[in-house]
>>> print(open('entry-v1.txt').read())   # compact mmCIF, C-alpha atoms
# COMPACT_ATOMS: atom_id res chain seq x y z
CA MET A 1 118.84 105.09 91.26
CA THR A 2 115.64 103.97 92.97
CA ASP A 3 114.58 105.99 96.02
CA TYR A 4 113.76 103.03 98.24
CA CYS A 5 112.21 105.05 101.03
CA ALA A 6 109.88 106.73 98.55
CA LEU A 7 108.99 103.29 97.22
CA VAL A 8 108.27 102.02 100.74
CA GLU A 9 106.03 105.06 101.27
CA SER A 10 104.05 104.72 98.03
CA GLU A 11 103.69 100.96 98.23
CA THR A 12 102.50 101.10 101.84
CA ALA A 13 99.94 103.76 100.92
CA ARG A 14 98.62 101.52 98.16
CA LEU A 15 98.48 98.45 100.40
CA VAL A 16 96.66 100.41 103.11
CA GLU A 17 94.20 101.64 100.48
CA LEU A 18 93.62 98.09 99.26
CA VAL A 19 92.91 96.54 102.65
CA THR A 20 90.83 99.40 104.03
CA GLY A 21 87.26 98.16 103.92
CA ALA A 22 88.19 94.81 102.35
CA ALA A 23 87.01 91.63 104.08
CA SER A 24 89.84 90.53 106.36
CA GLY A 25 89.09 86.87 105.64
CA THR A 26 89.61 87.24 101.88
CA PRO A 27 91.95 84.45 100.72
CA VAL A 28 95.27 85.47 99.16
CA PRO A 29 95.80 82.95 96.33
CA SER A 30 99.43 83.90 95.74
CA CYS A 31 100.18 83.12 99.42
CA PRO A 32 98.32 79.81 99.86
CA GLY A 33 96.64 79.51 103.23
CA TRP A 34 96.80 83.22 103.99
CA THR A 35 93.98 85.73 104.27
CA LEU A 36 94.27 89.50 103.87
CA ALA A 37 94.39 89.77 107.67
CA GLU A 38 97.38 87.44 107.78
CA LEU A 39 99.06 89.33 104.95
CA VAL A 40 98.65 92.64 106.80
CA THR A 41 99.89 91.11 110.06
CA HIS A 42 102.96 89.70 108.31
CA VAL A 43 103.85 92.97 106.59
CA GLY A 44 103.29 95.12 109.67
CA GLY A 45 105.20 92.67 111.85
CA THR A 46 108.10 92.74 109.42
CA HIS A 47 108.16 96.54 109.61
CA ARG A 48 108.39 96.43 113.39
CA TRP A 49 111.13 93.81 113.22
CA VAL A 50 113.25 96.02 110.96
CA ILE A 51 112.58 99.05 113.16
CA HIS A 52 113.97 97.05 116.08
CA ILE A 53 117.05 95.96 114.09
CA LEU A 54 117.85 99.53 113.08
CA LYS A 55 117.08 101.19 116.41
CA THR A 56 119.15 98.71 118.42
CA ARG A 57 121.91 98.47 115.78
CA ALA A 58 121.52 94.70 116.07
CA SER A 59 124.70 92.82 115.23
CA GLU A 60 123.39 89.29 115.84
CA PRO A 61 120.43 87.48 114.27
CA ILE A 62 117.03 88.29 115.69
CA TRP A 63 113.83 87.07 114.08
CA SER A 64 110.51 88.81 113.68
CA ARG A 65 108.70 86.37 115.99
CA ASP A 66 110.96 87.58 118.82
CA VAL A 67 110.06 91.26 118.39
CA PRO A 68 106.78 92.54 119.94
CA ASN A 69 104.38 93.84 117.31
CA GLY A 70 101.88 95.53 119.59
CA LEU A 71 99.14 92.98 118.96
CA ALA A 72 97.54 90.70 121.52
CA PRO A 73 98.11 86.95 121.01
CA GLY A 74 95.95 85.81 118.12
CA GLU A 75 95.03 89.35 117.11
CA SER A 76 95.44 90.44 113.48
CA GLY A 77 96.67 93.79 112.29
CA ASP A 78 94.43 96.21 110.43
CA ALA A 79 94.99 99.08 108.01
CA ALA A 80 95.63 101.66 110.74
CA TRP A 81 98.13 99.40 112.51
CA LEU A 82 99.90 98.76 109.19
CA ALA A 83 100.08 102.48 108.39
CA ALA A 84 101.43 103.34 111.85
CA GLY A 85 104.23 100.78 111.60
CA ALA A 86 105.17 101.90 108.10
CA ALA A 87 105.33 105.54 109.19
CA GLU A 88 107.74 104.65 112.00
CA LEU A 89 109.79 102.45 109.68
CA LEU A 90 110.16 105.30 107.19
CA ALA A 91 111.22 107.71 109.92
CA VAL A 92 113.88 105.28 111.15
CA LEU A 93 115.13 104.45 107.65
CA ARG A 94 115.40 108.12 106.72
CA SER A 95 117.20 109.08 109.92
CA THR A 96 119.72 106.22 109.82
CA ASP A 97 122.93 106.50 107.80
CA PRO A 98 122.64 103.79 105.12
CA ALA A 99 126.25 102.78 105.87
CA THR A 100 125.44 101.99 109.51
CA PRO A 101 126.46 98.37 110.23
CA VAL A 102 123.53 96.19 111.29
CA TRP A 103 122.67 92.52 111.03
CA SER A 104 120.79 91.27 108.00
CA TRP A 105 120.09 87.83 106.59
CA GLY A 106 121.49 88.91 103.23
CA GLY A 107 125.03 89.57 102.09
CA ASP A 108 124.93 93.31 102.85
CA HIS A 109 125.08 94.06 106.58
CA SER A 110 124.13 97.71 106.51
CA ALA A 111 121.06 99.83 107.16
CA GLY A 112 120.87 100.52 103.43
CA TYR A 113 120.15 96.85 102.83
CA TRP A 114 116.90 97.15 104.75
CA SER A 115 115.62 100.13 102.73
CA ARG A 116 115.87 98.12 99.54
CA ARG A 117 114.61 94.87 101.10
CA MET A 118 111.55 96.54 102.61
CA ALA A 119 110.77 98.27 99.32
CA TYR A 120 110.48 94.95 97.48
CA GLU A 121 108.80 93.21 100.40
CA LEU A 122 106.07 95.80 99.96
CA VAL A 123 105.95 95.68 96.17
CA VAL A 124 105.35 91.93 96.20
CA HIS A 125 102.85 91.93 99.04
CA ARG A 126 100.94 94.82 97.48
CA VAL A 127 100.68 92.62 94.39
CA ASP A 128 99.43 89.79 96.61
CA ALA A 129 96.64 92.02 97.90
CA GLU A 130 95.68 93.12 94.40
CA LEU A 131 95.53 89.52 93.17
CA ALA A 132 93.38 88.63 96.19
CA LEU A 133 90.98 91.39 95.24
CA ASP A 134 90.89 90.41 91.54
CA LEU A 135 92.79 93.52 90.49
CA GLU A 136 95.48 93.52 87.81
CA PRO A 137 98.81 94.48 89.43
CA ALA A 138 101.32 96.78 87.79
CA VAL A 139 105.00 97.18 88.67
CA PRO A 140 106.91 99.98 86.91
CA THR A 141 109.57 98.54 84.63
CA PRO A 142 112.61 100.23 86.29
CA VAL A 143 111.38 99.03 89.70
CA ALA A 144 110.93 95.50 88.35
CA VAL A 145 114.42 95.40 86.82
CA ASP A 146 116.00 96.50 90.09
CA GLY A 147 113.74 94.09 91.96
CA VAL A 148 114.99 91.10 89.97
CA GLY A 149 118.56 92.08 90.81
CA GLU A 150 117.67 92.49 94.49
CA LEU A 151 116.04 89.08 94.60
CA LEU A 152 118.96 87.37 92.85
CA GLY A 153 121.40 89.05 95.24
CA ASN A 154 119.50 87.60 98.18
CA LEU A 155 118.95 84.08 96.83
CA PRO A 156 122.40 82.70 97.81
CA HIS A 157 121.83 83.85 101.41
CA ALA A 158 118.23 82.60 101.79
CA ARG A 159 118.81 79.30 103.59
CA TRP A 160 115.15 78.25 103.41
CA VAL A 161 115.44 78.60 99.62
CA THR A 162 118.79 76.88 99.18
CA ARG A 163 117.53 73.93 101.25
CA ARG A 164 114.63 73.47 98.84
CA LEU A 165 116.88 73.83 95.81
CA ALA A 166 119.23 71.19 97.20
CA GLU A 167 116.29 68.77 97.18
CA ALA A 168 114.90 69.79 93.78
CA GLY A 169 117.30 67.82 91.58
CA VAL A 170 118.33 70.86 89.54
CA GLU A 171 122.07 70.96 90.22
CA GLY A 172 124.06 72.28 87.28
CA VAL A 173 121.10 74.02 85.64
CA THR A 174 121.57 77.45 84.06
CA ILE A 175 118.62 79.80 83.59
CA HIS A 176 118.67 82.93 81.47
CA LEU A 177 116.18 85.76 82.06
CA HIS A 178 115.70 88.45 79.42
CA ALA A 179 113.50 91.51 79.93
CA THR A 180 111.86 92.56 76.66
CA ASP A 181 110.90 96.06 77.80
CA ALA A 182 114.18 97.19 79.38
CA ASP A 183 117.91 96.62 79.46
CA GLY A 184 117.83 93.65 81.80
CA GLU A 185 119.37 90.20 81.38
CA TRP A 186 120.48 87.77 84.07
CA THR A 187 122.05 84.31 84.01
CA ILE A 188 121.53 82.07 87.03
CA THR A 189 123.60 78.97 87.74
CA GLN A 190 122.40 76.33 90.18
CA GLY A 191 125.35 74.77 91.95
CA PRO A 192 125.64 71.82 94.34
CA ALA A 193 124.01 71.73 97.79
CA GLY A 194 121.51 74.39 96.76
CA ARG A 195 124.14 77.07 96.14
CA VAL A 196 123.06 79.73 93.65
CA SER A 197 125.20 82.15 91.67
CA TRP A 198 124.26 84.68 89.03
CA GLU A 199 125.64 87.39 86.83
CA PRO A 200 124.08 90.14 84.73
CA GLY A 201 124.18 89.89 80.97
CA HIS A 202 123.52 87.43 78.20
CA ALA A 203 124.63 83.81 78.27
CA LYS A 204 123.23 80.59 76.87
CA GLY A 205 121.24 78.63 79.46
CA ASP A 206 119.53 75.26 79.73
CA VAL A 207 116.31 77.24 79.78
CA ALA A 208 115.54 80.86 79.00
CA VAL A 209 112.57 83.08 79.78
CA ARG A 210 111.75 86.28 77.90
CA GLY A 211 109.09 88.81 78.81
CA PRO A 212 108.30 92.10 80.53
CA ALA A 213 110.44 92.81 83.58
CA ALA A 214 107.43 93.01 85.90
CA ASP A 215 106.28 89.55 84.88
CA LEU A 216 109.80 88.14 85.29
CA LEU A 217 109.83 89.60 88.81
CA LEU A 218 106.49 88.05 89.76
CA MET A 219 107.54 84.73 88.22
CA MET A 220 110.72 84.71 90.29
CA TYR A 221 108.72 85.41 93.46
CA GLY A 222 106.37 82.56 92.63
CA ARG A 223 103.37 84.86 92.34
CA ARG A 224 102.23 83.99 88.83
CA PHE A 225 103.47 82.86 85.44
CA ALA A 226 101.99 85.39 83.03
CA ASP A 227 101.09 84.53 79.45
CA THR A 228 103.42 87.35 78.36
CA LEU A 229 106.40 85.12 79.21
CA THR A 230 108.01 82.90 76.60
CA VAL A 231 110.07 79.88 77.62
CA PHE A 232 112.86 78.43 75.52
CA GLY A 233 114.07 75.01 76.62
CA ASP A 234 112.87 72.62 79.30
CA ARG A 235 109.74 74.10 80.94
CA ASP A 236 109.53 71.27 83.46
CA LEU A 237 113.09 71.98 84.59
CA LEU A 238 112.26 75.67 84.94
CA ASP A 239 109.13 74.92 86.97
CA ARG A 240 111.08 72.69 89.37
CA TRP A 241 113.71 75.38 89.86
CA LEU A 242 111.10 78.09 90.38
CA ALA A 243 109.25 75.98 92.95
CA GLY A 244 112.44 75.72 94.96
CA ALA A 245 113.57 79.32 94.49
CA ALA A 246 110.32 81.18 95.23
CA PHE A 247 110.35 83.45 98.29
>>> encode(input="entry-v1.txt", output="structure tokens")
Amino acid sequence: MTDYCALVESETARLVELVTGAASGTPVPSCPGWTLAELVTHVGGTHRWVIHILKTRASEPIWSRDVPNGLAPGESGDAAWLAAGAAELLAVLRSTDPATPVWSWGGDHSAGYWSRRMAYELVVHRVDAELALDLEPAVPTPVAVDGVGELLGNLPHARWVTRRLAEAGVEGVTIHLHATDADGEWTITQGPAGRVSWEPGHAKGDVAVRGPAADLLLMMYGRRFADTLTVFGDRDLLDRWLAGAAF
């Protein structure tokens, strides 16, 4: 089983390393319109939001924009600010019983949800920083396999995603993902009104994608479509679904 707190710790350390000394105005191509400064501010603000949720045992929705992040209006976070927030987040995650009931936007309303969610928030945004700095990202295969499952578990609850999928004209589509470097297969079914369902295992789909788990993960997040991926079936249909489903 993945140690999500350890993953949060290692991924934060890598992200802090990447942005230390890097030009804050460097564009982040995988997050169009963002710079590294905006990426850091987003990640650090998300950490402080989750700290607030866990510390207050929030039972009702509260959004990150409503939680103070310690920055003046218009100010961007830096590496030290990011590291400080991550250290507090880790302390709170590790001292909170994972079974503690708290609000989340996903299907699991427990503190344990946030450990896993923050781990993959950091994995993907660390990749964003590496791509911005022309570095080749790497995601360990077991982490990537678990990350695909985490993303698929959240998709049905991500209203901003299901709204896009409802408008994408992909109702009834089935998509099969097959990791070539691990035991990982997933079948996704796009229902009406943007509703998404999925199940692990092999099934015939309208379109299938085979490749390394890490590249499947980054494809699903809309970060890049690596040349290691092979598509069987309607690529245009897949691209339309991915455009709607990307976080």
>>> residues_around(input="entry-v1.txt", residues="Leu155 of chain A", least_positions_apart="3", cutoff="12 Å", atoms="all atoms listed in the file", output="PyMOL selection string")
chain A and resi 105-107+148-152+158-165+188-190+194-198+220-221+242+244-247
>>> closest_residue(input="entry-v1.txt", among="A:His42, A:Lys55, A:His157, A:Arg94", to="Glu121 of chain A", atoms="only C-alpha atoms")
A:His42
>>> closest_residue(input="entry-v1.txt", among="A:Ala144, A:Ala84, A:Val92, A:Leu238", to="Ala182 of chain A", atoms="only C-alpha atoms")
A:Ala144
>>> closest_residue(input="entry-v1.txt", among="A:Asp3, A:Asp108, A:Glu60, A:Asp66", to="Gly45 of chain A", atoms="all atoms listed in the file")
A:Asp66
>>> residues_around(input="entry-v1.txt", residues="Ser59 of chain A", least_positions_apart="3", cutoff="9 Å", atoms="only C-alpha atoms", output="list in words")
Ile53, Thr56, Ile62, Pro101, Val102, Trp103, Ser104 and His109 of chain A
>>> residues_around(input="entry-v1.txt", residues="segment 46-48 of chain A", least_positions_apart="3", cutoff="8 Å", atoms="all atoms listed in the file", output="ChimeraX atom specification")
/A:42-43,51-52,64,67-69,85-86,89,118
>>> residues_around(input="entry-v1.txt", residues="Met219 of chain A", least_positions_apart="5", cutoff="12 Å", atoms="all atoms listed in the file", output="number ranges by chain")
A: 30, 124, 144, 147-148, 151, 177, 209-214, 224-231, 238-239, 241-243, 245-247
>>> atom_distance(input="entry-v1.txt", atom1="atom CA of Thr12 of chain A", atom2="atom CA of Ala80 of chain A")
11.3 Å
>>> closest_residue(input="entry-v1.txt", among="A:Val127, A:Ala132, A:Val145, A:Leu216", to="Ser24 of chain A", atoms="all atoms listed in the file")
A:Ala132
>>> residues_around(input="entry-v1.txt", residues="His125 of chain A", least_positions_apart="2", cutoff="10 Å", atoms="all atoms listed in the file", output="VMD selection string")
chain A and resid 11 to 12 15 28 30 to 31 39 to 40 42 to 43 120 to 123 127 to 131 223
>>> closest_residue(input="entry-v1.txt", among="A:Gly153, A:Gly222, A:Gly74, A:Gly172", to="Leu237 of chain A", atoms="only C-alpha atoms")
A:Gly172
>>> atom_distance(input="entry-v1.txt", atom1="atom CA of Arg57 of chain A", atom2="atom CA of Arg117 of chain A")
16.8 Å
>>> decode(input="entry-v1.txt", residues="segment 10-41 of chain A", atoms="N, CA, C and O atoms", output="PDB file, in the first residue's frame")
ATOM      1  N   SER A  10       8.059  13.516  -0.148  1.00  0.00           N
ATOM      2  CA  SER A  10       9.096  13.431  -1.183  1.00  0.00           C
ATOM      3  C   SER A  10       8.758  14.300  -2.392  1.00  0.00           C
ATOM      4  O   SER A  10       9.652  14.931  -2.975  1.00  0.00           O
ATOM      5  N   GLU A  11       7.491  14.344  -2.755  1.00  0.00           N
ATOM      6  CA  GLU A  11       7.103  15.149  -3.910  1.00  0.00           C
ATOM      7  C   GLU A  11       7.224  16.643  -3.615  1.00  0.00           C
ATOM      8  O   GLU A  11       7.623  17.424  -4.482  1.00  0.00           O
ATOM      9  N   THR A  12       6.900  17.049  -2.402  1.00  0.00           N
ATOM     10  CA  THR A  12       7.077  18.453  -2.037  1.00  0.00           C
ATOM     11  C   THR A  12       8.555  18.828  -2.073  1.00  0.00           C
ATOM     12  O   THR A  12       8.930  19.886  -2.585  1.00  0.00           O
ATOM     13  N   ALA A  13       9.403  17.945  -1.531  1.00  0.00           N
ATOM     14  CA  ALA A  13      10.839  18.231  -1.526  1.00  0.00           C
ATOM     15  C   ALA A  13      11.358  18.420  -2.949  1.00  0.00           C
ATOM     16  O   ALA A  13      12.155  19.322  -3.223  1.00  0.00           O
ATOM     17  N   ARG A  14      10.876  17.591  -3.865  1.00  0.00           N
ATOM     18  CA  ARG A  14      11.303  17.710  -5.256  1.00  0.00           C
ATOM     19  C   ARG A  14      10.782  19.000  -5.879  1.00  0.00           C
ATOM     20  O   ARG A  14      11.520  19.697  -6.592  1.00  0.00           O
ATOM     21  N   LEU A  15       9.527  19.342  -5.612  1.00  0.00           N
ATOM     22  CA  LEU A  15       8.974  20.574  -6.177  1.00  0.00           C
ATOM     23  C   LEU A  15       9.702  21.793  -5.631  1.00  0.00           C
ATOM     24  O   LEU A  15      10.020  22.726  -6.384  1.00  0.00           O
ATOM     25  N   VAL A  16       9.985  21.799  -4.336  1.00  0.00           N
ATOM     26  CA  VAL A  16      10.741  22.908  -3.741  1.00  0.00           C
ATOM     27  C   VAL A  16      12.117  23.017  -4.397  1.00  0.00           C
ATOM     28  O   VAL A  16      12.580  24.113  -4.733  1.00  0.00           O
ATOM     29  N   GLU A  17      12.766  21.879  -4.604  1.00  0.00           N
ATOM     30  CA  GLU A  17      14.077  21.870  -5.268  1.00  0.00           C
ATOM     31  C   GLU A  17      13.983  22.468  -6.671  1.00  0.00           C
ATOM     32  O   GLU A  17      14.848  23.251  -7.094  1.00  0.00           O
ATOM     33  N   LEU A  18      12.928  22.104  -7.393  1.00  0.00           N
ATOM     34  CA  LEU A  18      12.773  22.565  -8.768  1.00  0.00           C
ATOM     35  C   LEU A  18      12.581  24.079  -8.856  1.00  0.00           C
ATOM     36  O   LEU A  18      13.144  24.733  -9.743  1.00  0.00           O
ATOM     37  N   VAL A  19      11.783  24.625  -7.958  1.00  0.00           N
ATOM     38  CA  VAL A  19      11.444  26.049  -8.086  1.00  0.00           C
ATOM     39  C   VAL A  19      12.456  26.955  -7.403  1.00  0.00           C
ATOM     40  O   VAL A  19      12.484  28.159  -7.674  1.00  0.00           O
ATOM     41  N   THR A  20      13.291  26.395  -6.537  1.00  0.00           N
ATOM     42  CA  THR A  20      14.320  27.211  -5.889  1.00  0.00           C
ATOM     43  C   THR A  20      15.324  27.699  -6.936  1.00  0.00           C
ATOM     44  O   THR A  20      15.982  26.906  -7.611  1.00  0.00           O
ATOM     45  N   GLY A  21      15.402  28.984  -7.099  1.00  0.00           N
ATOM     46  CA  GLY A  21      16.326  29.562  -8.060  1.00  0.00           C
ATOM     47  C   GLY A  21      15.813  29.637  -9.481  1.00  0.00           C
ATOM     48  O   GLY A  21      16.448  30.267 -10.332  1.00  0.00           O
ATOM     49  N   ALA A  22      14.667  29.009  -9.760  1.00  0.00           N
ATOM     50  CA  ALA A  22      14.096  29.088 -11.113  1.00  0.00           C
ATOM     51  C   ALA A  22      13.374  30.419 -11.286  1.00  0.00           C
ATOM     52  O   ALA A  22      12.862  30.995 -10.323  1.00  0.00           O
ATOM     53  N   ALA A  23      13.325  30.913 -12.500  1.00  0.00           N
ATOM     54  CA  ALA A  23      12.638  32.178 -12.770  1.00  0.00           C
ATOM     55  C   ALA A  23      11.145  32.010 -12.512  1.00  0.00           C
ATOM     56  O   ALA A  23      10.498  31.121 -13.092  1.00  0.00           O
ATOM     57  N   SER A  24      10.605  32.852 -11.636  1.00  0.00           N
ATOM     58  CA  SER A  24       9.203  32.707 -11.236  1.00  0.00           C
ATOM     59  C   SER A  24       8.247  32.916 -12.401  1.00  0.00           C
ATOM     60  O   SER A  24       7.126  32.408 -12.391  1.00  0.00           O
ATOM     61  N   GLY A  25       8.682  33.657 -13.433  1.00  0.00           N
ATOM     62  CA  GLY A  25       7.823  33.913 -14.581  1.00  0.00           C
ATOM     63  C   GLY A  25       7.894  32.852 -15.666  1.00  0.00           C
ATOM     64  O   GLY A  25       7.279  33.013 -16.728  1.00  0.00           O
ATOM     65  N   THR A  26       8.605  31.748 -15.403  1.00  0.00           N
ATOM     66  CA  THR A  26       8.711  30.677 -16.397  1.00  0.00           C
ATOM     67  C   THR A  26       7.334  30.109 -16.714  1.00  0.00           C
ATOM     68  O   THR A  26       6.608  29.693 -15.814  1.00  0.00           O
ATOM     69  N   PRO A  27       6.927  30.071 -17.979  1.00  0.00           N
ATOM     70  CA  PRO A  27       5.618  29.511 -18.325  1.00  0.00           C
ATOM     71  C   PRO A  27       5.559  28.009 -18.029  1.00  0.00           C
ATOM     72  O   PRO A  27       6.569  27.303 -18.121  1.00  0.00           O
ATOM     73  N   VAL A  28       4.372  27.545 -17.668  1.00  0.00           N
ATOM     74  CA  VAL A  28       4.133  26.130 -17.402  1.00  0.00           C
ATOM     75  C   VAL A  28       3.246  25.611 -18.543  1.00  0.00           C
ATOM     76  O   VAL A  28       2.030  25.784 -18.512  1.00  0.00           O
ATOM     77  N   PRO A  29       3.828  24.979 -19.554  1.00  0.00           N
ATOM     78  CA  PRO A  29       3.051  24.634 -20.751  1.00  0.00           C
ATOM     79  C   PRO A  29       1.923  23.646 -20.498  1.00  0.00           C
ATOM     80  O   PRO A  29       0.911  23.670 -21.203  1.00  0.00           O
ATOM     81  N   SER A  30       2.072  22.796 -19.489  1.00  0.00           N
ATOM     82  CA  SER A  30       1.019  21.825 -19.201  1.00  0.00           C
ATOM     83  C   SER A  30      -0.128  22.425 -18.400  1.00  0.00           C
ATOM     84  O   SER A  30      -1.155  21.764 -18.196  1.00  0.00           O
ATOM     85  N   CYS A  31       0.030  23.667 -17.947  1.00  0.00           N
ATOM     86  CA  CYS A  31      -1.048  24.436 -17.296  1.00  0.00           C
ATOM     87  C   CYS A  31      -1.123  25.781 -18.039  1.00  0.00           C
ATOM     88  O   CYS A  31      -0.575  26.780 -17.565  1.00  0.00           O
ATOM     89  N   PRO A  32      -1.742  25.796 -19.212  1.00  0.00           N
ATOM     90  CA  PRO A  32      -1.704  27.003 -20.051  1.00  0.00           C
ATOM     91  C   PRO A  32      -2.116  28.266 -19.305  1.00  0.00           C
ATOM     92  O   PRO A  32      -3.124  28.291 -18.591  1.00  0.00           O
ATOM     93  N   GLY A  33      -1.283  29.297 -19.458  1.00  0.00           N
ATOM     94  CA  GLY A  33      -1.549  30.570 -18.807  1.00  0.00           C
ATOM     95  C   GLY A  33      -0.891  30.725 -17.456  1.00  0.00           C
ATOM     96  O   GLY A  33      -0.873  31.827 -16.900  1.00  0.00           O
ATOM     97  N   TRP A  34      -0.364  29.639 -16.905  1.00  0.00           N
ATOM     98  CA  TRP A  34       0.297  29.701 -15.609  1.00  0.00           C
ATOM     99  C   TRP A  34       1.796  29.894 -15.771  1.00  0.00           C
ATOM    100  O   TRP A  34       2.400  29.459 -16.760  1.00  0.00           O
ATOM    101  N   THR A  35       2.388  30.530 -14.736  1.00  0.00           N
ATOM    102  CA  THR A  35       3.830  30.581 -14.575  1.00  0.00           C
ATOM    103  C   THR A  35       4.199  29.703 -13.380  1.00  0.00           C
ATOM    104  O   THR A  35       3.331  29.227 -12.637  1.00  0.00           O
ATOM    105  N   LEU A  36       5.505  29.515 -13.169  1.00  0.00           N
ATOM    106  CA  LEU A  36       5.933  28.753 -11.991  1.00  0.00           C
ATOM    107  C   LEU A  36       5.444  29.410 -10.708  1.00  0.00           C
ATOM    108  O   LEU A  36       5.070  28.718  -9.748  1.00  0.00           O
ATOM    109  N   ALA A  37       5.423  30.744 -10.666  1.00  0.00           N
ATOM    110  CA  ALA A  37       4.940  31.430  -9.468  1.00  0.00           C
ATOM    111  C   ALA A  37       3.476  31.085  -9.203  1.00  0.00           C
ATOM    112  O   ALA A  37       3.073  30.855  -8.043  1.00  0.00           O
ATOM    113  N   GLU A  38       2.680  31.025 -10.252  1.00  0.00           N
ATOM    114  CA  GLU A  38       1.264  30.688 -10.081  1.00  0.00           C
ATOM    115  C   GLU A  38       1.089  29.224  -9.700  1.00  0.00           C
ATOM    116  O   GLU A  38       0.197  28.878  -8.902  1.00  0.00           O
ATOM    117  N   LEU A  39       1.942  28.369 -10.225  1.00  0.00           N
ATOM    118  CA  LEU A  39       1.900  26.958  -9.846  1.00  0.00           C
ATOM    119  C   LEU A  39       2.202  26.796  -8.361  1.00  0.00           C
ATOM    120  O   LEU A  39       1.485  26.100  -7.634  1.00  0.00           O
ATOM    121  N   VAL A  40       3.261  27.444  -7.895  1.00  0.00           N
ATOM    122  CA  VAL A  40       3.635  27.368  -6.479  1.00  0.00           C
ATOM    123  C   VAL A  40       2.521  27.925  -5.601  1.00  0.00           C
ATOM    124  O   VAL A  40       2.164  27.334  -4.560  1.00  0.00           O
ATOM    125  N   THR A  41       1.943  29.037  -6.002  1.00  0.00           N
ATOM    126  CA  THR A  41       0.876  29.663  -5.206  1.00  0.00           C
ATOM    127  C   THR A  41      -0.342  28.750  -5.136  1.00  0.00           C
ATOM    128  O   THR A  41      -0.984  28.624  -4.079  1.00  0.00           O
TER     129      THR A  41
END
